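Chemist: Provided herewith is a single structure, encoded as structure tokens, for subsequent inquiry.
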Amino acid sequence: MRKGFIGPIGDDLPSVIALLLALGMFFTAVIYSFNMYNQKLSDMETLKGSIEIGRVLMDRGYMLDSDIATSPKSKVLITSDYVKNSYGLEYEVFFGKGNKCTEQPSFRFQYLVSVFRDTGPQLDILVLCTWRK
Amino acid sequence: MDALIFMLIASGAGTLLFFVSGLYSTSTNNQIMTIYNYEYAGNALIALHYAKDSNGKWFWNELKNRAIMLDWDAQLNDYFATGGPGEPVWNTLVASSPAPKTSLCFKTTAFGGADEFCKDSSALGCSTVYSSSVKITAYTTVLFKLCY
């Protein structure tokens, strides 16, 4: 046996460490990119779904206070629920900019809307908060 | 030497992947936000059709009446000024706006040239403008602009 000979791998330990480091870094980057891509795709779907819910809510051009009532659920909200379910979202909708969303929303959109109340039409701000289930 | 070259290539590719995915994840969803901005602007103009000013008069009719006067721009300015009948409508419009600057512009060809009066929410400049328009008289067009 030659003096100092550890074995075919042991003899080339610095190369093995370099190889493992490089492979580790490469695969970490691949996994990271994959996660980032999925996260971005999910964010974009949430955004797209949020805008579609907003479109359903604003479809008639004016609103009534009862349109955002949850019990019994208004026709507008029932239609919005179809969109919400197809995108796997949850949403909350209310009038008035000052109010806060009960959940931490992914997106918060505002719309100017005319609300027909007992006193007549009133300009109000419709706030839509959306988040993923 | 082979291991070193492999390490350089693999770590280089890894770094590139990190960089590209970082860029991708921080990129804005501009195209989808563009849709929202145009939809917001269109909806806002529809909402204004049903709006009433502080005197209980239809906002759109008041604008039409003022837009045909000779001193139309002064009339419109007074209408939206502090304490004016149109101020609450303007304030709600600005409060609901997603943009840092909101403008309601009136273009008229009634008096020869193409004149324009704009009510702006701030003096900021615009790099991107999303607008929606509606014709309120034969000569007057209202442009609602969102400036970013």
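In the structure tokens, the first chain shown is A, the next is B, and so on; residue numbers restart at 1 for each chain, and ligands run from 1 in the order shown.
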Show me, as a VMD selection string, the residues of chain B whose atoms get within 9 Å of chain A, using only C-alpha atoms for the distance check.
Modeler: chain B and resid 1 to 4 6 to 18 20 to 22 24 to 26 29 32 to 33 35 to 36 39 to 41 43 to 52 89 92 to 93 95 to 98
Chemist: Determine which residues of range 14-134 of chain B DSSP labels as strand (DSSP E) from the backbone of this structure, then write them out as a ChimeraX atom specification.
Modeler: /B:101-108,115-120,129-134
Chemist: Can those selected residues be exported to a file as a short mmCIF file (atom, residue, chain, number, x, y, z; two decimals), in the first residue's frame so that it contains all heavy atoms?
Modeler:
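Contents of the output file selection_15.cif:
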```cif
data_model
loop_
_atom_site.label_atom_id
_atom_site.label_comp_id
_atom_site.auth_asym_id
_atom_site.auth_seq_id
_atom_site.Cartn_x
_atom_site.Cartn_y
_atom_site.Cartn_z
N LYS B 101 -52.89 60.74 -8.00
CA LYS B 101 -53.47 61.98 -8.56
C LYS B 101 -54.71 61.62 -9.37
O LYS B 101 -54.68 60.73 -10.22
CB LYS B 101 -52.45 62.69 -9.44
CG LYS B 101 -52.97 63.99 -10.03
CD LYS B 101 -51.93 64.64 -10.92
CE LYS B 101 -52.47 65.86 -11.61
NZ LYS B 101 -51.48 66.45 -12.51
N THR B 102 -55.77 62.34 -9.09
CA THR B 102 -57.02 62.10 -9.80
C THR B 102 -57.44 63.40 -10.48
O THR B 102 -57.35 64.46 -9.87
CB THR B 102 -58.12 61.68 -8.79
OG1 THR B 102 -57.62 60.60 -8.02
CG2 THR B 102 -59.39 61.27 -9.47
N SER B 103 -57.87 63.30 -11.71
CA SER B 103 -58.29 64.51 -12.44
C SER B 103 -59.63 64.29 -13.11
O SER B 103 -59.91 63.21 -13.63
CB SER B 103 -57.28 64.87 -13.52
OG SER B 103 -56.01 65.05 -12.96
N LEU B 104 -60.42 65.35 -13.08
CA LEU B 104 -61.68 65.35 -13.82
C LEU B 104 -61.55 66.50 -14.81
O LEU B 104 -61.51 67.67 -14.41
CB LEU B 104 -62.85 65.56 -12.86
CG LEU B 104 -64.23 65.13 -13.33
CD1 LEU B 104 -64.27 63.65 -13.70
CD2 LEU B 104 -65.27 65.40 -12.25
N CYS B 105 -61.42 66.16 -16.08
CA CYS B 105 -61.17 67.19 -17.10
C CYS B 105 -62.40 67.38 -17.99
O CYS B 105 -63.12 66.42 -18.28
CB CYS B 105 -59.98 66.80 -17.97
SG CYS B 105 -58.45 66.75 -17.04
N PHE B 106 -62.58 68.60 -18.42
CA PHE B 106 -63.71 68.94 -19.29
C PHE B 106 -63.13 69.53 -20.57
O PHE B 106 -62.40 70.51 -20.53
CB PHE B 106 -64.63 69.96 -18.61
CG PHE B 106 -65.21 69.43 -17.34
CD1 PHE B 106 -64.48 69.49 -16.15
CD2 PHE B 106 -66.46 68.86 -17.32
CE1 PHE B 106 -65.01 68.98 -14.97
CE2 PHE B 106 -67.00 68.35 -16.14
CZ PHE B 106 -66.26 68.41 -14.97
N LYS B 107 -63.49 68.90 -21.67
CA LYS B 107 -63.02 69.40 -22.97
C LYS B 107 -64.23 69.92 -23.72
O LYS B 107 -65.23 69.21 -23.84
CB LYS B 107 -62.39 68.27 -23.77
CG LYS B 107 -60.93 68.06 -23.49
CD LYS B 107 -60.36 67.03 -24.44
CE LYS B 107 -58.88 66.87 -24.19
NZ LYS B 107 -58.32 65.77 -24.96
N THR B 108 -64.11 71.15 -24.24
CA THR B 108 -65.25 71.68 -24.99
C THR B 108 -64.80 72.28 -26.32
O THR B 108 -63.71 72.85 -26.41
CB THR B 108 -66.04 72.72 -24.16
OG1 THR B 108 -67.16 73.15 -24.91
CG2 THR B 108 -65.20 73.92 -23.76
N ASP B 115 -60.91 73.86 -25.89
CA ASP B 115 -60.53 74.30 -24.54
C ASP B 115 -60.65 73.16 -23.55
O ASP B 115 -61.50 72.29 -23.71
CB ASP B 115 -61.42 75.45 -24.09
CG ASP B 115 -61.31 76.64 -25.03
OD1 ASP B 115 -60.16 76.98 -25.39
OD2 ASP B 115 -62.34 77.20 -25.42
N GLU B 116 -59.82 73.24 -22.52
CA GLU B 116 -59.87 72.19 -21.51
C GLU B 116 -59.75 72.79 -20.11
O GLU B 116 -58.95 73.70 -19.88
CB GLU B 116 -58.73 71.18 -21.73
CG GLU B 116 -58.86 69.95 -20.84
CD GLU B 116 -57.81 68.88 -21.14
OE1 GLU B 116 -56.62 69.13 -20.86
OE2 GLU B 116 -58.18 67.82 -21.62
N PHE B 117 -60.56 72.29 -19.21
CA PHE B 117 -60.46 72.67 -17.80
C PHE B 117 -60.31 71.38 -17.00
O PHE B 117 -61.05 70.42 -17.21
CB PHE B 117 -61.73 73.42 -17.34
CG PHE B 117 -61.85 73.50 -15.85
CD1 PHE B 117 -61.10 74.43 -15.13
CD2 PHE B 117 -62.67 72.65 -15.14
CE1 PHE B 117 -61.20 74.49 -13.74
CE2 PHE B 117 -62.78 72.70 -13.75
CZ PHE B 117 -62.03 73.64 -13.05
N CYS B 118 -59.32 71.36 -16.12
CA CYS B 118 -59.10 70.16 -15.31
C CYS B 118 -59.16 70.47 -13.82
O CYS B 118 -58.58 71.46 -13.37
CB CYS B 118 -57.73 69.55 -15.61
SG CYS B 118 -57.70 68.59 -17.12
N LYS B 119 -59.85 69.64 -13.10
CA LYS B 119 -59.84 69.72 -11.64
C LYS B 119 -58.93 68.59 -11.18
O LYS B 119 -59.21 67.40 -11.41
CB LYS B 119 -61.28 69.52 -11.12
CG LYS B 119 -61.39 69.44 -9.61
CD LYS B 119 -61.21 70.78 -8.95
CE LYS B 119 -61.32 70.65 -7.42
NZ LYS B 119 -60.85 71.86 -6.74
N ASP B 120 -57.79 68.97 -10.58
CA ASP B 120 -56.80 67.97 -10.17
C ASP B 120 -56.76 67.81 -8.66
O ASP B 120 -56.94 68.79 -7.92
CB ASP B 120 -55.40 68.38 -10.66
CG ASP B 120 -55.32 68.46 -12.16
OD1 ASP B 120 -55.87 67.57 -12.83
OD2 ASP B 120 -54.73 69.43 -12.66
N VAL B 129 -51.12 57.23 -17.32
CA VAL B 129 -52.48 57.75 -17.15
C VAL B 129 -53.49 56.72 -17.62
O VAL B 129 -53.36 56.15 -18.70
CB VAL B 129 -52.69 59.06 -17.96
CG1 VAL B 129 -54.10 59.60 -17.75
CG2 VAL B 129 -51.68 60.12 -17.55
N TYR B 130 -54.49 56.47 -16.78
CA TYR B 130 -55.62 55.62 -17.18
C TYR B 130 -56.83 56.53 -17.21
O TYR B 130 -57.10 57.22 -16.23
CB TYR B 130 -55.85 54.50 -16.16
CG TYR B 130 -54.65 53.61 -15.97
CD1 TYR B 130 -53.82 53.76 -14.86
CD2 TYR B 130 -54.33 52.63 -16.90
CE1 TYR B 130 -52.71 52.96 -14.68
CE2 TYR B 130 -53.23 51.82 -16.73
CZ TYR B 130 -52.42 51.99 -15.61
OH TYR B 130 -51.31 51.19 -15.44
N SER B 131 -57.54 56.54 -18.33
CA SER B 131 -58.67 57.47 -18.40
C SER B 131 -59.91 56.83 -18.97
O SER B 131 -59.86 55.81 -19.66
CB SER B 131 -58.28 58.70 -19.20
OG SER B 131 -58.10 58.34 -20.54
N SER B 132 -61.01 57.45 -18.64
CA SER B 132 -62.30 57.02 -19.14
C SER B 132 -63.07 58.29 -19.47
O SER B 132 -62.91 59.29 -18.77
CB SER B 132 -63.00 56.22 -18.04
OG SER B 132 -64.14 55.61 -18.54
N SER B 133 -63.85 58.28 -20.53
CA SER B 133 -64.51 59.53 -20.91
C SER B 133 -65.97 59.34 -21.23
O SER B 133 -66.42 58.22 -21.55
CB SER B 133 -63.79 60.15 -22.11
OG SER B 133 -63.96 59.32 -23.23
N VAL B 134 -66.69 60.44 -21.14
CA VAL B 134 -68.12 60.42 -21.49
C VAL B 134 -68.50 61.80 -22.04
O VAL B 134 -67.97 62.81 -21.59
CB VAL B 134 -68.97 60.04 -20.25
CG1 VAL B 134 -68.87 61.04 -19.13
CG2 VAL B 134 -70.42 59.83 -20.63
#
```
Chemist: Considering only C-alpha atoms, can you say which of A:Arg108, A:Phe95, A:Cys101, A:Cys129 comes closest to Ser66 in chain A?
Modeler: A:Phe95
Chemist: For each of B:Pro100, B:Gly56, B:Gly83, B:Pro88, take the minimum atom-to-atom distance to Leu124 in chain B, counting only C-alpha atoms, then give the residue where this is smallest.
Modeler: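 Ranking B:Pro100, B:Gly56, B:Gly83, B:Pro88 by distance to Leu124 in chain B, first place goes to B:Pro100.
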Chemist: Skip Leu57 in chain A itself and residues of its chain fewer than 4 positions away, then list as a PyMOL selection string all residues within 8 Å of it, counting only C-alpha atoms.
Modeler: chain A and resi 53+76-77+80
Chemist: Selection from above, N, CA and C atoms, as a compact mmCIF listing (two decimals), in the first residue's frame, can you write it?
Modeler:
```
# COMPACT_ATOMS: atom_id res chain seq x y z
N ILE A 53 -64.33 39.48 -8.97
CA ILE A 53 -65.37 39.66 -7.94
C ILE A 53 -65.85 41.11 -7.96
N VAL A 76 -76.29 39.44 -5.73
CA VAL A 76 -74.95 39.90 -6.13
C VAL A 76 -73.87 39.07 -5.42
N LEU A 77 -74.07 38.86 -4.12
CA LEU A 77 -73.07 38.09 -3.37
C LEU A 77 -73.08 36.61 -3.76
N SER A 80 -71.10 36.51 -6.82
CA SER A 80 -69.67 36.71 -6.48
C SER A 80 -69.08 35.44 -5.88
```
